Amino acid sequence: MLRSMRQLLRGKIHRATVTAAEPEYVGSIVIDQDLLERADIWAGERVLVSDVDNGARFETYVVPGRKGSGVISVNGAAAHLVNVGDKVIIMAFELTDRPIPSRVVLVDQGNRFIRNL
């Protein structure tokens, strides 16, 4: 019997602050490696980004940033959809046929880990 597949939230970085917007960079979002590990998001993984301040939503792929740097740099065309200082929610999903736990990471103003939800 075929089981239906669902796309479920696997990892989320909640209300991170955009530290850079680089339209000349060739695509992607650079995220502090510490946050990636805590949210179980991989380098190269597709993520959905939602800008809390202006409502923009876009997909891109992840490039790891220096661990502990707090970097959240939106690059390429998507850089036109955010402003430095905007709050964003970064979400990764998994296609699965079973329930999975989500790793939700809360951060402070400097994009440092506060706690998991």
# chains A, B, ... in the order shown; residues from 1 in each chain; ligands from 1

call {"tool": "residues_around", "arguments": {"residues": "range 34-48 of chain A", "least_positions_apart": "4", "cutoff": "8 Å", "atoms": "only C-alpha atoms", "output": "number ranges by chain"}}
result
A: 10-13, 57-64, 67-68, 90-93, 103-105, 112-113

call {"tool": "write_last_selection", "arguments": {"atoms": "C-alpha atoms", "output": "short mmCIF file (atom, residue, chain, number, x, y, z; two decimals), in the first residue's frame"}}
result
data_model
loop_
_atom_site.label_atom_id
_atom_site.label_comp_id
_atom_site.auth_asym_id
_atom_site.auth_seq_id
_atom_site.Cartn_x
_atom_site.Cartn_y
_atom_site.Cartn_z
CA ARG A 10 11.85 20.16 10.29
CA GLY A 11 13.90 23.17 11.33
CA LYS A 12 13.21 26.84 11.94
CA ILE A 13 15.21 29.89 13.03
CA ARG A 57 8.50 35.40 1.27
CA PHE A 58 11.13 33.70 -0.88
CA GLU A 59 13.03 30.45 -1.28
CA THR A 60 16.78 30.17 -1.56
CA TYR A 61 19.59 27.83 -0.50
CA VAL A 62 21.85 27.95 2.55
CA VAL A 63 25.53 28.82 2.72
CA PRO A 64 27.11 28.33 6.16
CA LYS A 67 30.19 29.88 13.72
CA GLY A 68 29.24 32.40 16.39
CA ILE A 90 13.93 30.77 8.14
CA MET A 91 12.22 27.40 7.63
CA ALA A 92 13.35 24.02 6.31
CA PHE A 93 10.90 21.23 5.48
CA ARG A 103 13.68 21.99 15.85
CA VAL A 104 12.67 25.60 16.43
CA VAL A 105 15.47 27.96 17.45
CA ARG A 112 22.67 34.28 19.22
CA PHE A 113 20.84 31.19 20.43
#

call {"tool": "select_by_dssp", "arguments": {"residues": "chain A", "states": "alpha helix (DSSP H)", "output": "PyMOL selection string"}}
result
chain A and resi 33-39

call {"tool": "residues_around", "arguments": {"residues": "Asp53 in chain A", "least_positions_apart": "5", "cutoff": "8 Å", "atoms": "only C-alpha atoms", "output": "MDAnalysis selection string"}}
result
chainID A and resid 86:88

call {"tool": "write_last_selection", "arguments": {"atoms": "N, CA and C atoms", "output": "PDB file, in the first residue's frame"}}
result
ATOM      1  N   ASP A  86      15.803  43.887   9.350  1.00  0.00           N
ATOM      2  CA  ASP A  86      14.512  43.195   9.312  1.00  0.00           C
ATOM      3  C   ASP A  86      14.588  41.897  10.088  1.00  0.00           C
ATOM      4  N   LYS A  87      13.460  41.490  10.652  1.00  0.00           N
ATOM      5  CA  LYS A  87      13.328  40.187  11.303  1.00  0.00           C
ATOM      6  C   LYS A  87      12.845  39.189  10.268  1.00  0.00           C
ATOM      7  N   VAL A  88      13.473  38.010  10.228  1.00  0.00           N
ATOM      8  CA  VAL A  88      13.067  36.967   9.294  1.00  0.00           C
ATOM      9  C   VAL A  88      12.874  35.643  10.019  1.00  0.00           C
TER      10      VAL A  88
END

call {"tool": "closest_atom_pairs", "arguments": {"of": "range 33-60 of chain A", "to": "range 15-18 of chain A", "cutoff": "10 Å", "atoms": "only C-alpha atoms", "output": "tab-separated table"}}
result
residue	atom	partner	partner_atom	distance
A:Leu35	CA	A:Ala16	CA	9.9
A:Ser50	CA	A:Arg15	CA	9.3
A:Asp51	CA	A:Arg15	CA	8.7
A:Val52	CA	A:Arg15	CA	7.5

call {"tool": "residues_around", "arguments": {"residues": "Asp32 in chain A", "least_positions_apart": "5", "cutoff": "6 Å", "atoms": "only C-alpha atoms", "output": "PyMOL selection string"}}
result
chain A and resi 65-67+69-71

call {"tool": "write_last_selection", "arguments": {"atoms": "C-alpha atoms", "output": "PDB file, in the first residue's frame"}}
result
ATOM      1  CA  GLY A  65      28.590  31.395   7.850  1.00  0.00           C
ATOM      2  CA  ARG A  66      31.281  31.565  10.500  1.00  0.00           C
ATOM      3  CA  LYS A  67      30.191  29.876  13.720  1.00  0.00           C
ATOM      4  CA  SER A  69      29.235  35.334  13.949  1.00  0.00           C
ATOM      5  CA  GLY A  70      25.478  35.917  14.040  1.00  0.00           C
ATOM      6  CA  VAL A  71      25.483  36.454  10.278  1.00  0.00           C
TER       7      VAL A  71
END

call {"tool": "atom_distance", "arguments": {"atom1": "CA of Gly55 in chain A", "atom2": "CA of Asn83 in chain A"}}
result
11.9 Å

call {"tool": "closest_residue", "arguments": {"among": "A:Val49, A:Leu117, A:Ile100, A:Leu95", "to": "Ile31 in chain A", "atoms": "only C-alpha atoms"}}
result
A:Val49

call {"tool": "decode", "arguments": {"residues": "range 34-69 of chain A", "atoms": "N, CA and C atoms", "output": "mmCIF file, in the first residue's frame"}}
result
data_model
loop_
_atom_site.group_PDB
_atom_site.id
_atom_site.type_symbol
_atom_site.label_atom_id
_atom_site.label_comp_id
_atom_site.auth_asym_id
_atom_site.auth_seq_id
_atom_site.Cartn_x
_atom_site.Cartn_y
_atom_site.Cartn_z
ATOM 1 N N ASP A 34 26.405 27.881 13.778
ATOM 2 C CA ASP A 34 25.843 27.456 15.059
ATOM 3 C C ASP A 34 24.317 27.345 14.960
ATOM 4 N N LEU A 35 23.684 28.317 14.321
ATOM 5 C CA LEU A 35 22.229 28.279 14.171
ATOM 6 C C LEU A 35 21.789 27.154 13.248
ATOM 7 N N LEU A 36 22.565 26.922 12.195
ATOM 8 C CA LEU A 36 22.243 25.814 11.285
ATOM 9 C C LEU A 36 22.252 24.484 12.028
ATOM 10 N N GLU A 37 23.278 24.266 12.833
ATOM 11 C CA GLU A 37 23.371 23.005 13.582
ATOM 12 C C GLU A 37 22.218 22.867 14.564
ATOM 13 N N ARG A 38 21.883 23.932 15.256
ATOM 14 C CA ARG A 38 20.806 23.873 16.249
ATOM 15 C C ARG A 38 19.436 23.634 15.605
ATOM 16 N N ALA A 39 19.237 24.153 14.394
ATOM 17 C CA ALA A 39 17.958 23.991 13.698
ATOM 18 C C ALA A 39 17.947 22.786 12.762
ATOM 19 N N ASP A 40 19.068 22.069 12.668
ATOM 20 C CA ASP A 40 19.194 20.915 11.771
ATOM 21 C C ASP A 40 18.939 21.293 10.313
ATOM 22 N N ILE A 41 19.576 22.386 9.895
ATOM 23 C CA ILE A 41 19.515 22.828 8.510
ATOM 24 C C ILE A 41 20.901 22.656 7.907
ATOM 25 N N TRP A 42 20.963 22.098 6.697
ATOM 26 C CA TRP A 42 22.239 21.784 6.065
ATOM 27 C C TRP A 42 22.676 22.851 5.070
ATOM 28 N N ALA A 43 23.973 22.914 4.839
ATOM 29 C CA ALA A 43 24.512 23.738 3.760
ATOM 30 C C ALA A 43 23.914 23.243 2.448
ATOM 31 N N GLY A 44 23.501 24.155 1.610
ATOM 32 C CA GLY A 44 22.926 23.803 0.319
ATOM 33 C C GLY A 44 21.440 23.485 0.356
ATOM 34 N N GLU A 45 20.870 23.385 1.535
ATOM 35 C CA GLU A 45 19.459 23.034 1.658
ATOM 36 C C GLU A 45 18.566 24.207 1.242
ATOM 37 N N ARG A 46 17.441 23.875 0.610
ATOM 38 C CA ARG A 46 16.445 24.884 0.251
ATOM 39 C C ARG A 46 15.700 25.310 1.511
ATOM 40 N N VAL A 47 15.529 26.618 1.677
ATOM 41 C CA VAL A 47 14.784 27.156 2.810
ATOM 42 C C VAL A 47 13.766 28.174 2.310
ATOM 43 N N LEU A 48 12.705 28.309 3.087
ATOM 44 C CA LEU A 48 11.712 29.345 2.874
ATOM 45 C C LEU A 48 12.008 30.442 3.891
ATOM 46 N N VAL A 49 12.099 31.674 3.422
ATOM 47 C CA VAL A 49 12.384 32.811 4.290
ATOM 48 C C VAL A 49 11.183 33.745 4.256
ATOM 49 N N SER A 50 10.729 34.150 5.434
ATOM 50 C CA SER A 50 9.611 35.075 5.554
ATOM 51 C C SER A 50 10.081 36.306 6.317
ATOM 52 N N ASP A 51 9.927 37.478 5.696
ATOM 53 C CA ASP A 51 10.317 38.734 6.331
ATOM 54 C C ASP A 51 9.147 39.217 7.186
ATOM 55 N N VAL A 52 9.353 39.260 8.489
ATOM 56 C CA VAL A 52 8.305 39.656 9.430
ATOM 57 C C VAL A 52 7.930 41.123 9.244
ATOM 58 N N ASP A 53 8.875 41.961 8.842
ATOM 59 C CA ASP A 53 8.638 43.400 8.744
ATOM 60 C C ASP A 53 7.853 43.816 7.505
ATOM 61 N N ASN A 54 8.063 43.124 6.376
ATOM 62 C CA ASN A 54 7.377 43.575 5.161
ATOM 63 C C ASN A 54 6.527 42.502 4.488
ATOM 64 N N GLY A 55 6.515 41.275 5.028
ATOM 65 C CA GLY A 55 5.671 40.217 4.491
ATOM 66 C C GLY A 55 6.243 39.465 3.302
ATOM 67 N N ALA A 56 7.415 39.859 2.800
ATOM 68 C CA ALA A 56 8.019 39.162 1.660
ATOM 69 C C ALA A 56 8.352 37.718 2.040
ATOM 70 N N ARG A 57 8.151 36.813 1.092
ATOM 71 C CA ARG A 57 8.501 35.398 1.274
ATOM 72 C C ARG A 57 9.266 34.951 0.037
ATOM 73 N N PHE A 58 10.345 34.189 0.246
ATOM 74 C CA PHE A 58 11.126 33.700 -0.884
ATOM 75 C C PHE A 58 11.852 32.427 -0.487
ATOM 76 N N GLU A 59 12.228 31.656 -1.493
ATOM 77 C CA GLU A 59 13.034 30.453 -1.284
ATOM 78 C C GLU A 59 14.434 30.709 -1.810
ATOM 79 N N THR A 60 15.395 30.105 -1.131
ATOM 80 C CA THR A 60 16.783 30.174 -1.561
ATOM 81 C C THR A 60 17.499 28.974 -0.950
ATOM 82 N N TYR A 61 18.815 28.919 -1.089
ATOM 83 C CA TYR A 61 19.592 27.832 -0.497
ATOM 84 C C TYR A 61 20.578 28.397 0.512
ATOM 85 N N VAL A 62 21.022 27.535 1.411
ATOM 86 C CA VAL A 62 21.847 27.945 2.554
ATOM 87 C C VAL A 62 23.334 27.823 2.262
ATOM 88 N N VAL A 63 24.069 28.852 2.677
ATOM 89 C CA VAL A 63 25.532 28.825 2.721
ATOM 90 C C VAL A 63 25.911 29.039 4.188
ATOM 91 N N PRO A 64 26.748 28.157 4.754
ATOM 92 C CA PRO A 64 27.109 28.332 6.160
ATOM 93 C C PRO A 64 28.032 29.524 6.374
ATOM 94 N N GLY A 65 27.745 30.274 7.445
ATOM 95 C CA GLY A 65 28.590 31.395 7.850
ATOM 96 C C GLY A 65 29.444 30.994 9.048
ATOM 97 N N ARG A 66 30.377 31.843 9.386
ATOM 98 C CA ARG A 66 31.281 31.565 10.500
ATOM 99 C C ARG A 66 30.496 31.332 11.784
ATOM 100 N N LYS A 67 30.851 30.260 12.477
ATOM 101 C CA LYS A 67 30.191 29.876 13.720
ATOM 102 C C LYS A 67 30.346 30.984 14.760
ATOM 103 N N GLY A 68 29.227 31.377 15.364
ATOM 104 C CA GLY A 68 29.244 32.400 16.389
ATOM 105 C C GLY A 68 29.227 33.825 15.861
ATOM 106 N N SER A 69 29.184 33.993 14.547
ATOM 107 C CA SER A 69 29.235 35.334 13.949
ATOM 108 C C SER A 69 27.896 36.060 13.991
#
